[in-house]
Amino acid sequence: MQLQQLVYFVAVAETRHFTHAAERTHVAQPSLSQQIRALERELGAELFSRARGNIALTDAGEALLPLARRILADAESARQEVQELAQLRRGRVRLGATPSLCTGLLPEVLRAYHRRYPGIRLVVQEGGSRDLVRGLADGSLDLALIILPLHGNDPALATTELLREDLVVASAAGSPPPGGGRPVRVADLEGRPMVMFRHGYDLRDTTVAACRAAGFDPVLAVEGGEMDAVLGFVEAGLGLAVVPSMVAERRPSVQVTPFAGAVLQRTVGLAHRRDVEPPRAARELRQVLLEHLDRAAAAGTLPQGTRRAGPAPGGAADRA
C-alpha cells in the first residue's frame with residue numbers, strides 16, 4: 001500500500017468522481033484508476049461500486065476512509081516535523097531590533113542561541129520601531145524587538161511585553177550634571193541644549209511629548225542621529241539627551257542622571273505577524289530570549305534600569 005494510492009482513494013471518496021479526483025490530485029485519470037485498482041487488488045476487496053456511472057463507497061471503502069485520512073494526516077505531520085528539525089540545522093532567522101537593544105540586550109541572547117543552534121544563520125536588522133513594524137508587515141522580518149505600545153495598535157501583529165526600562169538623562173562626563181546631581185524633573189530640561197534623535201525614532205517622540213507636557217519645547221542643539229551618534233554628540237558636550245538606561249550605563253564617558261520618580265519609561269516587546277506562524281528557528285529564538293530574561297530577572301542581572309514585564313516565567317502571552 002502506497003501513500004499516493006491513499007491520496008487518490010480519499011480524493012475519489014470525497015468527490016465521488018474519478019475525473020474530478022484526477023484533476024484535484026493533478027494526475028491523468030487513467031493513472032488514477034490504475035492505482036485504485038492496484039490498491040483494491042492488494043486489499044482483496046473493491047472500494048467503490050461503479051453502478052451506472054454513480055460512484056459510491058463499498059463497506060470496505062467505508063472502513064478504509066477514516067483510516068486513510070488518519071494515515072495521510074500522520075504522514076503530513078511527520079513531514080512537517082522533519083522539515084522543522086532540518087530548519088534548526090541549516091535555517092535562518094531574520095530579527096529586527098532597535099539600536100539600543102542590539103547593544104544592550106541581544107549579544108548575550110544571540111550567543112546562547114548560536115551555541116544551541118550553530119547551523120542557524122542570524123540576520124539582524126537595526127531600526128526604529130516603526131521601520132521594524134513595516135519589516136514584519138512586508139515579510140522581510142520574522143521577529144522584531146520593538147517599543148510598545150504600537151502606533152495605531154496594529155491588529156496584524158502579536159506582541160509580548162518583555163521589559164520595562166527607565167529613561168535617563170545623559171550628559172558628558174565631567175560636565176555639571178543637570179539638576180545639580182539630584183534626580184531631575186522633565187521641567188529641569190527647559191532651556192538646556194538637547195541632542196535629539198531623528199524623526200520617526202521612538203525616543204524622539206517620547207522626549208518631545210514629555211517636554212511639551214511640562215509646558216515647553218526642547219531646545220535642539222543637534223538633531224537627526226541614531227543611538228551611537230547621539231551618545232557621541234553628548235560625549236562631545238554638545239547637549240543633553242534622554243536615552244535608555246541600559247545603553248547609557250555602558251558608556252564611561254557619559255554620566256547618567258535619573259528622572260525623579262522614574263517618570264519616563266518605555267516597554268520593550270517582541271512582535272511577529274499574527275497571520276503567519278514564525279518558522280521553527282524563529283520560535284526557538286523567541287524561547288531562548290524568554291528563558292534568558294527569566295533567568296536574569298531571577299538572578300538580579302537584568303540590564304541596568306530594567307525590570308521584567310509581562311506574565312510570570314513560563315506564562316508569556318501574546319496580545320494584539
# chains A, B, ... in the order shown; residues from 1 in each chain; ligands from 1
>>> closest_atom_pairs(of="stretch 260-311 of chain A", to="stretch 138-153 of chain A", cutoff="7 Å", atoms="only C-alpha atoms", output="CSV")
residue,atom,partner,partner_atom,distance
A:Arg266,CA,A:Ile147,CA,6.9
A:Thr267,CA,A:Leu148,CA,5.3
A:Val268,CA,A:Ile147,CA,4.8
A:Gly269,CA,A:Ile146,CA,5.4
A:Leu270,CA,A:Leu145,CA,4.6
A:Ala271,CA,A:Ala144,CA,5.2
A:His272,CA,A:Leu143,CA,5.0
A:Pro278,CA,A:Asp142,CA,6.0
A:Ala282,CA,A:Asp142,CA,6.6
>>> write_last_selection(atoms="C-alpha atoms", output="short mmCIF file (atom, residue, chain, number, x, y, z; two decimals), in the first residue's frame")
data_model
loop_
_atom_site.label_atom_id
_atom_site.label_comp_id
_atom_site.auth_asym_id
_atom_site.auth_seq_id
_atom_site.Cartn_x
_atom_site.Cartn_y
_atom_site.Cartn_z
CA ARG A 266 9.46 52.52 27.97
CA THR A 267 8.20 48.97 27.41
CA VAL A 268 10.27 46.61 25.28
CA GLY A 269 8.32 43.94 23.43
CA LEU A 270 8.72 41.15 20.91
CA ALA A 271 6.48 41.19 17.83
CA HIS A 272 5.62 38.93 14.93
CA PRO A 278 7.09 32.24 12.53
CA ALA A 282 12.45 31.90 14.94
#
>>> residues_around(residues="A:Gly305", least_positions_apart="5", cutoff="7 Å", atoms="only C-alpha atoms", output="PyMOL selection string")
chain A and resi 165-166+245-246
>>> residues_around(residues="A:Asn54", least_positions_apart="3", cutoff="10 Å", atoms="only C-alpha atoms", output="ChimeraX atom specification")
/A:16-17,48-51
>>> residues_around(residues="A:Gln265", least_positions_apart="3", cutoff="9 Å", atoms="only C-alpha atoms", output="ChimeraX atom specification")
/A:164-168,244,262
>>> write_last_selection(atoms="all heavy atoms", output="short mmCIF file (atom, residue, chain, number, x, y, z; two decimals), in the first residue's frame")
data_model
loop_
_atom_site.label_atom_id
_atom_site.label_comp_id
_atom_site.auth_asym_id
_atom_site.auth_seq_id
_atom_site.Cartn_x
_atom_site.Cartn_y
_atom_site.Cartn_z
N ARG A 164 10.41 46.47 31.14
CA ARG A 164 10.16 47.90 31.33
C ARG A 164 11.47 48.54 31.73
O ARG A 164 12.18 48.04 32.60
CB ARG A 164 9.06 48.12 32.38
CG ARG A 164 7.71 47.68 31.88
CD ARG A 164 6.55 48.19 32.70
NE ARG A 164 5.29 47.81 32.07
CZ ARG A 164 4.66 46.66 32.30
NH1 ARG A 164 5.15 45.81 33.17
NH2 ARG A 164 3.53 46.38 31.68
N GLU A 165 11.78 49.66 31.08
CA GLU A 165 13.09 50.28 31.23
C GLU A 165 12.97 51.77 31.53
O GLU A 165 12.17 52.47 30.91
CB GLU A 165 13.91 50.09 29.95
CG GLU A 165 15.30 50.70 30.02
CD GLU A 165 16.09 50.50 28.75
OE1 GLU A 165 15.47 50.21 27.71
OE2 GLU A 165 17.31 50.63 28.80
N ASP A 166 13.76 52.22 32.49
CA ASP A 166 13.80 53.65 32.81
C ASP A 166 14.57 54.40 31.73
O ASP A 166 15.58 53.90 31.21
CB ASP A 166 14.50 53.88 34.15
CG ASP A 166 13.73 53.28 35.32
OD1 ASP A 166 12.50 53.15 35.21
OD2 ASP A 166 14.37 52.95 36.33
N LEU A 167 14.08 55.57 31.40
CA LEU A 167 14.85 56.50 30.58
C LEU A 167 15.59 57.46 31.50
O LEU A 167 15.10 57.80 32.58
CB LEU A 167 13.92 57.28 29.64
CG LEU A 167 13.12 56.43 28.65
CD1 LEU A 167 12.25 57.32 27.77
CD2 LEU A 167 14.01 55.55 27.79
N VAL A 168 16.78 57.87 31.09
CA VAL A 168 17.62 58.73 31.91
C VAL A 168 18.14 59.89 31.07
O VAL A 168 18.02 59.88 29.84
CB VAL A 168 18.81 57.94 32.51
CG1 VAL A 168 18.31 56.82 33.43
CG2 VAL A 168 19.68 57.35 31.38
N PRO A 244 17.88 55.35 26.86
CA PRO A 244 17.61 54.20 27.71
C PRO A 244 18.75 53.97 28.71
O PRO A 244 19.92 54.13 28.37
CB PRO A 244 17.50 53.03 26.72
CG PRO A 244 17.29 53.67 25.40
CD PRO A 244 18.00 54.97 25.44
N ALA A 262 11.16 58.12 38.38
CA ALA A 262 11.16 57.31 37.15
C ALA A 262 9.94 57.64 36.28
O ALA A 262 9.17 56.77 35.87
CB ALA A 262 11.18 55.81 37.50
#
>>> select_by_dssp(residues="stretch 131-247 of chain A", states="alpha helix (DSSP H)", output="ChimeraX atom specification")
/A:131-137,202-213,227-235,245-247
>>> residues_around(residues="A:Leu189", least_positions_apart="6", cutoff="10 Å", atoms="only C-alpha atoms", output="number ranges by chain")
A: 169, 178-179, 211, 214, 216-219, 240-242
>>> write_last_selection(atoms="N, CA, C and O atoms", output="PDB file, in the first residue's frame")
ATOM      1  N   VAL A 169      18.729  60.858  31.748  1.00  0.00           N
ATOM      2  CA  VAL A 169      19.351  61.978  31.054  1.00  0.00           C
ATOM      3  C   VAL A 169      20.848  61.715  30.962  1.00  0.00           C
ATOM      4  O   VAL A 169      21.516  61.469  31.975  1.00  0.00           O
ATOM      5  N   PRO A 178      22.887  67.800  35.107  1.00  0.00           N
ATOM      6  CA  PRO A 178      21.610  68.506  35.207  1.00  0.00           C
ATOM      7  C   PRO A 178      20.976  68.252  36.569  1.00  0.00           C
ATOM      8  O   PRO A 178      21.090  67.170  37.132  1.00  0.00           O
ATOM      9  N   GLY A 179      20.351  69.279  37.123  1.00  0.00           N
ATOM     10  CA  GLY A 179      19.723  69.119  38.431  1.00  0.00           C
ATOM     11  C   GLY A 179      20.702  69.150  39.581  1.00  0.00           C
ATOM     12  O   GLY A 179      20.343  68.810  40.713  1.00  0.00           O
ATOM     13  N   CYS A 211       8.427  66.916  27.195  1.00  0.00           N
ATOM     14  CA  CYS A 211       8.746  68.339  27.353  1.00  0.00           C
ATOM     15  C   CYS A 211       7.506  69.197  27.142  1.00  0.00           C
ATOM     16  O   CYS A 211       7.238  70.133  27.921  1.00  0.00           O
ATOM     17  N   ALA A 214       5.272  69.224  29.965  1.00  0.00           N
ATOM     18  CA  ALA A 214       5.778  70.058  31.062  1.00  0.00           C
ATOM     19  C   ALA A 214       5.693  71.548  30.730  1.00  0.00           C
ATOM     20  O   ALA A 214       6.114  72.384  31.533  1.00  0.00           O
ATOM     21  N   PHE A 216       6.899  73.232  27.710  1.00  0.00           N
ATOM     22  CA  PHE A 216       7.926  73.877  26.893  1.00  0.00           C
ATOM     23  C   PHE A 216       8.319  72.981  25.728  1.00  0.00           C
ATOM     24  O   PHE A 216       8.070  71.764  25.741  1.00  0.00           O
ATOM     25  N   ASP A 217       8.927  73.581  24.716  1.00  0.00           N
ATOM     26  CA  ASP A 217       9.520  72.837  23.607  1.00  0.00           C
ATOM     27  C   ASP A 217      11.024  72.710  23.861  1.00  0.00           C
ATOM     28  O   ASP A 217      11.664  73.676  24.290  1.00  0.00           O
ATOM     29  N   PRO A 218      11.616  71.559  23.593  1.00  0.00           N
ATOM     30  CA  PRO A 218      13.049  71.408  23.835  1.00  0.00           C
ATOM     31  C   PRO A 218      13.884  72.278  22.894  1.00  0.00           C
ATOM     32  O   PRO A 218      13.492  72.532  21.750  1.00  0.00           O
ATOM     33  N   VAL A 219      15.031  72.719  23.395  1.00  0.00           N
ATOM     34  CA  VAL A 219      15.995  73.467  22.583  1.00  0.00           C
ATOM     35  C   VAL A 219      16.911  72.452  21.918  1.00  0.00           C
ATOM     36  O   VAL A 219      17.641  71.720  22.595  1.00  0.00           O
ATOM     37  N   LEU A 240      22.409  67.631  26.172  1.00  0.00           N
ATOM     38  CA  LEU A 240      21.851  66.515  26.920  1.00  0.00           C
ATOM     39  C   LEU A 240      21.002  65.653  26.000  1.00  0.00           C
ATOM     40  O   LEU A 240      20.535  66.107  24.959  1.00  0.00           O
ATOM     41  N   ALA A 241      20.771  64.409  26.397  1.00  0.00           N
ATOM     42  CA  ALA A 241      19.885  63.530  25.631  1.00  0.00           C
ATOM     43  C   ALA A 241      19.145  62.616  26.589  1.00  0.00           C
ATOM     44  O   ALA A 241      19.694  62.193  27.615  1.00  0.00           O
ATOM     45  N   VAL A 242      17.909  62.316  26.259  1.00  0.00           N
ATOM     46  CA  VAL A 242      17.134  61.323  27.002  1.00  0.00           C
ATOM     47  C   VAL A 242      17.329  59.979  26.304  1.00  0.00           C
ATOM     48  O   VAL A 242      16.993  59.827  25.125  1.00  0.00           O
TER      49      VAL A 242
END
>>> residues_around(residues="A:Pro66", least_positions_apart="4", cutoff="12 Å", atoms="only C-alpha atoms", output="NGL selection string")
:A and (6 or 9-10 or 13-14 or 60-62 or 70-73)
>>> write_last_selection(atoms="N, CA, C and O atoms", output="short mmCIF file (atom, residue, chain, number, x, y, z; two decimals), in the first residue's frame")
data_model
loop_
_atom_site.label_atom_id
_atom_site.label_comp_id
_atom_site.auth_asym_id
_atom_site.auth_seq_id
_atom_site.Cartn_x
_atom_site.Cartn_y
_atom_site.Cartn_z
N LEU A 6 -3.42 6.05 -1.35
CA LEU A 6 -4.40 6.52 -0.37
C LEU A 6 -4.86 7.94 -0.69
O LEU A 6 -6.02 8.29 -0.48
N PHE A 9 -7.39 7.48 -3.38
CA PHE A 9 -8.61 6.88 -2.83
C PHE A 9 -9.45 7.92 -2.09
O PHE A 9 -10.67 8.01 -2.30
N VAL A 10 -8.81 8.74 -1.25
CA VAL A 10 -9.53 9.75 -0.50
C VAL A 10 -10.14 10.79 -1.45
O VAL A 10 -11.28 11.24 -1.26
N ALA A 13 -13.19 9.25 -2.98
CA ALA A 13 -14.24 9.12 -1.96
C ALA A 13 -14.89 10.46 -1.67
O ALA A 13 -16.12 10.52 -1.41
N GLU A 14 -14.15 11.54 -1.72
CA GLU A 14 -14.69 12.85 -1.38
C GLU A 14 -15.38 13.52 -2.56
O GLU A 14 -16.32 14.30 -2.37
N ALA A 60 -16.13 -1.99 2.42
CA ALA A 60 -14.67 -1.97 2.61
C ALA A 60 -14.14 -0.54 2.46
O ALA A 60 -13.25 -0.11 3.20
N GLY A 61 -14.69 0.19 1.49
CA GLY A 61 -14.28 1.58 1.31
C GLY A 61 -14.64 2.44 2.50
O GLY A 61 -13.85 3.30 2.93
N GLU A 62 -15.85 2.25 3.05
CA GLU A 62 -16.26 3.00 4.24
C GLU A 62 -15.33 2.72 5.41
O GLU A 62 -15.00 3.61 6.18
N ARG A 70 -6.44 9.29 8.45
CA ARG A 70 -5.53 9.37 9.59
C ARG A 70 -4.09 9.10 9.17
O ARG A 70 -3.17 9.77 9.61
N ILE A 71 -3.90 8.10 8.30
CA ILE A 71 -2.54 7.80 7.82
C ILE A 71 -1.95 9.00 7.09
O ILE A 71 -0.79 9.38 7.30
N LEU A 72 -2.74 9.63 6.22
CA LEU A 72 -2.24 10.79 5.46
C LEU A 72 -1.96 11.96 6.38
O LEU A 72 -0.97 12.69 6.20
N ALA A 73 -2.81 12.17 7.39
CA ALA A 73 -2.56 13.25 8.35
C ALA A 73 -1.28 12.99 9.14
O ALA A 73 -0.48 13.91 9.36
#
>>> atom_distance(atom1="atom CA of A:Arg185", atom2="atom CA of A:Leu162")
26.5 Å
>>> atom_distance(atom1="atom CA of A:Leu110", atom2="atom CA of A:Val123")
10.7 Å
>>> select_by_dssp(residues="stretch 180-246 of chain A", states="strand (DSSP E)", output="number ranges by chain")
A: 193-197, 219-225, 241-244
>>> closest_residue(among="A:Ala210, A:Leu95, A:Ala28, A:Val133", to="A:Ala156", atoms="only C-alpha atoms")
A:Val133
>>> closest_residue(among="A:Ala248, A:Ala260, A:Ala209, A:Leu136", to="A:Arg273", atoms="only C-alpha atoms")
A:Leu136
>>> atom_distance(atom1="atom CA of A:Leu39", atom2="atom CA of A:Leu67")
14.2 Å
>>> closest_residue(among="A:Arg198, A:Arg24, A:Pro193, A:Phe18", to="A:Ala221", atoms="only C-alpha atoms")
A:Pro193
>>> closest_residue(among="A:Pro107, A:Gly200, A:Gly180, A:Pro279", to="A:Glu226", atoms="only C-alpha atoms")
A:Gly200
